[in-house]
Every structure is written in structure tokens, then in C-alpha cells.
file run39.cif (mmCIF, C-alpha atoms and all ligand atoms)
data_final
#
loop_
_atom_site.label_atom_id
_atom_site.label_comp_id
_atom_site.auth_asym_id
_atom_site.auth_seq_id
_atom_site.Cartn_x
_atom_site.Cartn_y
_atom_site.Cartn_z
CA HIS H 1 104.47 139.67 108.52
CA THR H 2 105.46 137.32 105.73
CA SER H 3 103.45 134.29 104.77
CA PRO H 4 105.78 131.32 104.52
CA SER H 5 104.98 128.46 102.24
CA ILE H 6 106.19 125.02 103.20
CA PHE H 7 106.20 121.46 101.90
CA VAL H 8 105.82 118.80 104.57
CA ARG H 9 105.98 115.00 104.49
CA PHE H 10 103.61 112.88 106.59
CA PRO H 11 104.84 109.31 107.22
CA LEU H 12 102.53 106.66 105.73
CA ARG H 13 103.05 103.87 108.25
CA ASP H 14 100.03 101.84 107.29
CA ALA H 15 100.00 98.10 106.63
CA LYS H 16 97.82 98.77 103.56
CA ALA H 17 100.34 101.19 102.03
CA ALA H 18 102.38 98.59 100.13
CA ASP H 19 99.32 97.19 98.39
CA VAL H 20 97.71 100.53 97.63
CA LEU H 21 100.93 102.17 96.39
CA GLY H 22 102.27 99.16 94.50
CA LEU H 23 105.41 98.93 96.63
CA SER H 24 107.24 96.10 98.33
CA ALA H 25 106.73 95.97 102.11
CA ALA H 26 110.31 97.19 102.56
CA ASP H 27 109.79 100.17 100.25
CA ALA H 28 106.42 101.00 101.85
CA ALA H 29 108.21 101.36 105.19
CA SER H 30 109.69 104.58 103.81
CA ALA H 31 106.50 106.00 102.28
CA TYR H 32 105.27 109.54 102.84
CA ILE H 33 102.44 111.75 101.58
CA VAL H 34 103.46 115.35 100.86
CA ILE H 35 101.41 118.46 101.62
CA TRP H 36 101.92 122.16 100.95
CA THR H 37 100.61 124.96 103.12
CA THR H 38 100.96 128.70 103.57
CA THR H 39 99.70 128.51 107.17
CA PRO H 40 102.27 126.47 109.13
CA TRP H 41 100.62 127.50 112.43
CA THR H 42 97.54 125.40 111.54
CA LEU H 43 99.58 122.17 111.41
CA PRO H 44 99.13 121.43 115.15
CA ASP H 45 95.42 121.13 114.33
CA ASN H 46 95.88 118.89 111.29
CA MET H 47 93.46 115.95 111.32
CA ALA H 48 93.68 114.61 107.76
CA VAL H 49 95.23 114.91 104.31
CA ALA H 50 92.79 115.47 101.45
CA VAL H 51 93.31 114.24 97.90
CA HIS H 52 91.08 114.48 94.83
CA PRO H 53 89.40 111.18 93.94
CA ASP H 54 89.90 111.69 90.17
CA HIS H 55 93.44 113.03 90.08
CA ASP H 56 96.36 110.71 89.49
CA TYR H 57 98.91 110.46 92.28
CA ALA H 58 102.48 109.42 91.66
CA VAL H 59 104.70 107.42 93.98
CA VAL H 60 108.12 109.02 93.59
CA ARG H 61 111.31 107.35 94.75
CA HIS H 62 113.99 109.72 96.02
CA ASP H 63 117.06 108.88 98.08
CA GLY H 64 115.57 105.56 99.25
CA ALA H 65 112.22 107.03 100.32
CA HIS H 66 108.86 107.06 98.54
CA TYR H 67 106.65 110.12 98.23
CA VAL H 68 102.99 110.39 97.20
CA LEU H 69 101.94 113.57 95.40
CA ALA H 70 99.85 114.56 92.39
CA ALA H 71 101.39 113.18 89.20
CA ALA H 72 100.89 116.56 87.50
CA LEU H 73 102.99 118.29 90.17
CA VAL H 74 105.96 115.92 90.39
CA GLU H 75 108.18 117.99 88.14
CA SER H 76 107.56 121.35 89.85
CA SER H 77 107.81 119.77 93.31
CA ALA H 78 111.07 117.97 92.53
CA LYS H 79 112.50 121.31 91.42
CA THR H 80 111.33 122.98 94.64
CA PHE H 81 112.82 120.19 96.77
CA GLY H 82 116.09 120.21 94.87
CA TRP H 83 115.65 116.55 93.89
CA GLU H 84 117.98 115.81 91.03
CA ASN H 85 117.45 112.08 90.81
CA CYS H 86 113.94 110.88 91.36
CA GLU H 87 111.76 108.33 89.64
CA VAL H 88 108.02 107.74 89.41
CA VAL H 89 107.59 104.08 90.39
CA SER H 90 103.80 103.87 90.23
CA THR H 91 100.67 105.94 89.75
CA VAL H 92 97.34 105.54 91.55
CA PRO H 93 94.02 107.37 91.32
CA GLY H 94 93.29 109.51 94.39
CA ALA H 95 90.17 107.47 95.15
CA LYS H 96 92.40 104.49 95.98
CA LEU H 97 94.24 106.46 98.66
CA GLU H 98 91.14 106.99 100.77
CA GLY H 99 91.45 105.27 104.13
CA LEU H 100 95.23 105.06 104.18
CA VAL H 101 96.34 106.40 107.52
CA ALA H 102 99.28 108.79 107.60
CA THR H 103 100.94 109.99 110.78
CA HIS H 104 101.02 113.62 111.87
CA PRO H 105 104.48 115.11 111.10
CA PHE H 106 105.32 116.00 114.73
CA TYR H 107 102.61 114.51 116.94
CA ASP H 108 102.10 110.84 117.58
CA ARG H 109 98.61 110.62 116.13
CA PRO H 110 96.93 109.49 112.91
CA SER H 111 96.06 111.74 109.99
CA PRO H 112 93.89 109.74 107.59
CA VAL H 113 93.81 110.33 103.84
CA VAL H 114 90.37 111.64 102.86
CA LEU H 115 88.78 112.64 99.55
CA ALA H 116 87.66 116.15 98.59
CA ASP H 117 86.66 117.52 95.22
CA TYR H 118 88.02 121.05 95.90
CA VAL H 119 91.61 119.80 95.72
CA VAL H 120 93.24 121.57 92.76
CA LEU H 121 96.49 121.13 90.88
CA ASP H 122 97.48 124.76 90.31
CA SER H 123 100.12 124.78 93.05
CA GLY H 124 101.48 122.68 95.88
CA THR H 125 101.28 118.89 95.78
CA GLY H 126 97.63 118.03 95.21
CA CYS H 127 97.49 116.78 98.81
CA VAL H 128 95.83 119.26 101.15
CA HIS H 129 96.69 119.63 104.82
CA THR H 130 93.28 119.50 106.45
CA ALA H 131 92.62 121.32 109.72
CA PRO H 132 88.84 121.27 110.26
CA GLY H 133 89.08 123.99 112.92
CA HIS H 134 90.55 126.43 110.36
CA GLY H 135 88.76 127.07 107.10
CA ARG H 136 85.38 126.29 105.68
CA GLU H 137 86.30 123.52 103.25
CA ASP H 138 88.41 121.79 105.86
CA TYR H 139 85.51 122.08 108.31
CA GLU H 140 83.09 120.49 105.87
CA THR H 141 85.51 117.66 105.14
CA GLY H 142 85.85 117.22 108.90
CA LEU H 143 82.10 116.85 109.23
CA ARG H 144 81.93 114.37 106.35
CA TYR H 145 84.62 112.15 107.85
CA GLY H 146 83.82 112.68 111.54
CA LEU H 147 87.21 114.31 112.20
CA GLU H 148 87.94 116.18 115.38
CA ILE H 149 87.46 119.96 114.93
CA LEU H 150 90.41 121.48 116.81
CA SER H 151 90.96 125.20 117.31
CA PRO H 152 92.82 125.45 120.61
CA LEU H 153 93.42 129.21 120.68
CA ASN H 154 92.38 131.66 123.40
CA ASP H 155 90.75 135.09 122.97
CA GLU H 156 94.14 136.67 122.29
CA GLY H 157 94.88 134.18 119.54
CA ARG H 158 97.46 132.28 121.59
CA PHE H 159 97.73 128.50 121.65
CA LEU H 160 96.30 126.89 124.79
CA ASP H 161 98.46 124.98 127.27
CA SER H 162 97.12 121.73 125.81
CA VAL H 163 99.09 122.24 122.58
CA PRO H 164 102.49 120.52 122.77
CA PHE H 165 105.50 122.66 121.70
CA PHE H 166 103.47 125.80 120.90
CA ALA H 167 101.50 126.65 124.06
CA GLY H 168 101.32 130.41 124.68
CA LEU H 169 102.45 131.42 121.19
CA THR H 170 100.39 133.61 118.87
CA VAL H 171 99.79 132.25 115.39
CA PHE H 172 102.45 134.63 114.02
CA GLU H 173 104.97 133.46 116.63
CA ALA H 174 104.01 129.85 115.96
CA ASN H 175 104.75 129.96 112.21
CA PRO H 176 108.57 129.91 112.54
CA LYS H 177 108.39 127.52 115.52
CA VAL H 178 106.34 125.02 113.54
CA ILE H 179 108.86 125.22 110.71
CA GLU H 180 111.70 124.72 113.20
CA LYS H 181 109.95 121.66 114.68
CA LEU H 182 109.38 120.17 111.21
CA ARG H 183 113.03 120.66 110.37
CA GLU H 184 114.08 119.10 113.69
CA VAL H 185 112.01 115.93 113.09
CA GLY H 186 113.11 115.72 109.45
CA ASN H 187 109.70 116.24 107.86
CA LEU H 188 110.25 119.65 106.22
CA LEU H 189 110.93 119.13 102.50
CA ALA H 190 111.14 122.78 101.48
CA GLU H 191 110.41 126.30 102.60
CA ARG H 192 109.70 129.18 100.23
CA LYS H 193 109.74 132.69 101.62
N1 LIG R 201 93.74 123.68 104.37
C1 LIG R 201 94.39 124.94 104.61
C2 LIG R 201 95.88 124.84 104.28
O1 LIG R 201 96.30 123.94 103.62
C3 LIG R 201 94.21 125.44 106.03
C4 LIG R 201 92.85 126.04 106.23
C5 LIG R 201 94.49 124.41 107.06
O2 LIG R 201 96.69 125.67 104.66
#
call {"tool": "encode", "arguments": {"input": "run39.cif", "output": "C-alpha cells", "more": "lines below"}}
Ligand code: VAL
result
Amino acid sequence: HTSPSIFVRFPLRDAKAADVLGLSAADAASAYIVIWTTTPWTLPDNMAVAVHPDHDYAVVRHDGAHYVLAAALVESSAKTFGWENCEVVSTVPGAKLEGLVATHPFYDRPSPVVLADYVVLDSGTGCVHTAPGHGREDYETGLRYGLEILSPLNDEGRFLDSVPFFAGLTVFEANPKVIEKLREVGNLLAERK
């Protein structure tokens, strides 16, 4: 199978967002934090978005919306997203983003911004999709922040009935379905095959 790599926006509908991001209330209403992952099937179990406390994060305006991602990765990301006109409107240290509450890209539940020192800037967006039920670092971050540790798969590696949209699918079957769902709700920024 192929391993898709996708860029996903999480809405930042948090009353604190304007203040933290240096935006007007109206602009903050269209704020998002952007993650990158090569395991789309783990997104149903996302519980947080991790940023590095010491990295700088840019707030980028594009087409009327505002996107938070590592300042060092704005140029490469804009290229990947096909953004021709975008502008960095402010920059904040990752530490300031802690406690902002994003919203899961296709479930109606919170995904808080948390800090982690393993977040690197060699690829992606500098904002790490965190699924504590999948992966050691994510698990440890989950413990530190008291996040729910979700891994709702049966012995055959199929999603349990409790998982909206993806019940019964194997992780390989779920990958394209997750991408389809993200596209449907408008939160898929790019897909690289
Ligand atoms: N954090 C990883 C990722 O971004 C997994 C383990 C969820 O794909």
C-alpha cells in the first residue's frame, strides 16, 4: 500500500484565539491550526495538536482565513498548498499557544494545543497531530496532559462500531475514507501521494 501524506486544518474556535494570535475578533473567527500526517487513519483518535514551546509560529492570512504553522515552514507549506498570495500577519512563540482549544477536523469535540519538545521543523507544519493511542511520544504527551488514550480497533485491526464514519474499516481501508471525509468537510489543505 502507499502511505499518503496530508495537511489538515483544525478550526481554532476559541475565545482566547484573537488575543493569543494578535488578530481582531472577526479575523480570529476564521483561524485554523495546520497539521501534517502520514497516517490519516489515526485522525479519528486525535486528541490534541502538539507544538514546540521554543519554535516561532506564524499566523498566515490566505483567502480571508488565518492559519497557524511554524514560521520556518510557511514557505514550503504555501508551495504545497498552492497558495500564491499569503501574508504573515503575526508571529508567536509556541509556548503562547498552549491551552488554545482547536476543534477536531470532522468530529464535534475539542483538540487542545499542547507543548512537546520532540516537535521538529524538518517537514510538515511544526504542529503535530497527537493521537495518544498510536505512538509512544503521543502516548507520553497524552499522559502529561491527561488526554484520553483512544485505540478503538478490534483484533483484526478494524475500527469498532463506536467510531463514526469508519466503523468496520481496516486502517488501510480507512486511509482514503478519512481523506475523503476531510475533503468533504473542507479541512483538507493538501494531499501528497
Ligand atoms: N503523531 C503521529 C502522526 O502525526 C501519529 C502517531 C498519530 O502521524
call {"tool": "residues_near_ligand", "arguments": {"input": "run39.cif", "ligand": "ligand LIG 201 (chain R)", "cutoff": "8 Å", "atoms": "all atoms listed in the file", "output": "PyMOL selection string"}}
result
chain H and resi 35-40+42-43+46+128-138
call {"tool": "closest_residue", "arguments": {"input": "run39.cif", "among": "H:Lys96, H:Arg192, H:His66, H:Lys79", "to": "H:His52", "atoms": "all atoms listed in the file"}}
result
H:Lys96
call {"tool": "closest_residue", "arguments": {"input": "run39.cif", "among": "H:Ala58, H:Ala28, H:Ala70, H:Ala190", "to": "H:Cys127", "atoms": "only C-alpha atoms"}}
result
H:Ala70
call {"tool": "residues_around", "arguments": {"input": "run39.cif", "residues": "H:Phe10", "least_positions_apart": "4", "cutoff": "9 Å", "atoms": "all atoms listed in the file", "output": "ChimeraX atom specification"}}
result
/H:31-35,49,102-106,111,187
call {"tool": "write_last_selection", "arguments": {"input": "run39.cif", "atoms": "C-alpha atoms", "output": "compact mmCIF listing (two decimals), keeping the file's coordinate frame"}}
result
# COMPACT_ATOMS: atom_id res chain seq x y z
CA ALA H 31 106.50 106.00 102.28
CA TYR H 32 105.27 109.54 102.84
CA ILE H 33 102.44 111.75 101.58
CA VAL H 34 103.46 115.35 100.86
CA ILE H 35 101.41 118.46 101.62
CA VAL H 49 95.23 114.91 104.31
CA ALA H 102 99.28 108.79 107.60
CA THR H 103 100.94 109.99 110.78
CA HIS H 104 101.02 113.62 111.87
CA PRO H 105 104.48 115.11 111.10
CA PHE H 106 105.32 116.00 114.73
CA SER H 111 96.06 111.74 109.99
CA ASN H 187 109.70 116.24 107.86
call {"tool": "closest_residue", "arguments": {"input": "run39.cif", "among": "H:Ser3, H:Arg61, H:Ser77, H:Val114", "to": "H:Gly146", "atoms": "all atoms listed in the file"}}
result
H:Val114
call {"tool": "atom_distance", "arguments": {"input": "run39.cif", "atom1": "atom CA of H:Asp19", "atom2": "atom CA of H:Tyr107"}}
result
25.6 Å
call {"tool": "atom_distance", "arguments": {"input": "run39.cif", "atom1": "atom CA of H:Val68", "atom2": "atom CA of H:Val171"}}
result
28.6 Å
call {"tool": "atom_distance", "arguments": {"input": "run39.cif", "atom1": "atom CA of H:Ser24", "atom2": "atom CA of H:Leu12"}}
result
13.7 Å
call {"tool": "closest_residue", "arguments": {"input": "run39.cif", "among": "H:Gly94, H:Leu150, H:Thr80, H:Glu140", "to": "H:Ile6", "atoms": "all atoms listed in the file"}}
result
H:Thr80
call {"tool": "closest_residue", "arguments": {"input": "run39.cif", "among": "H:Pro93, H:Pro4, H:Gly22, H:Pro44", "to": "H:Pro152", "atoms": "only C-alpha atoms"}}
result
H:Pro44
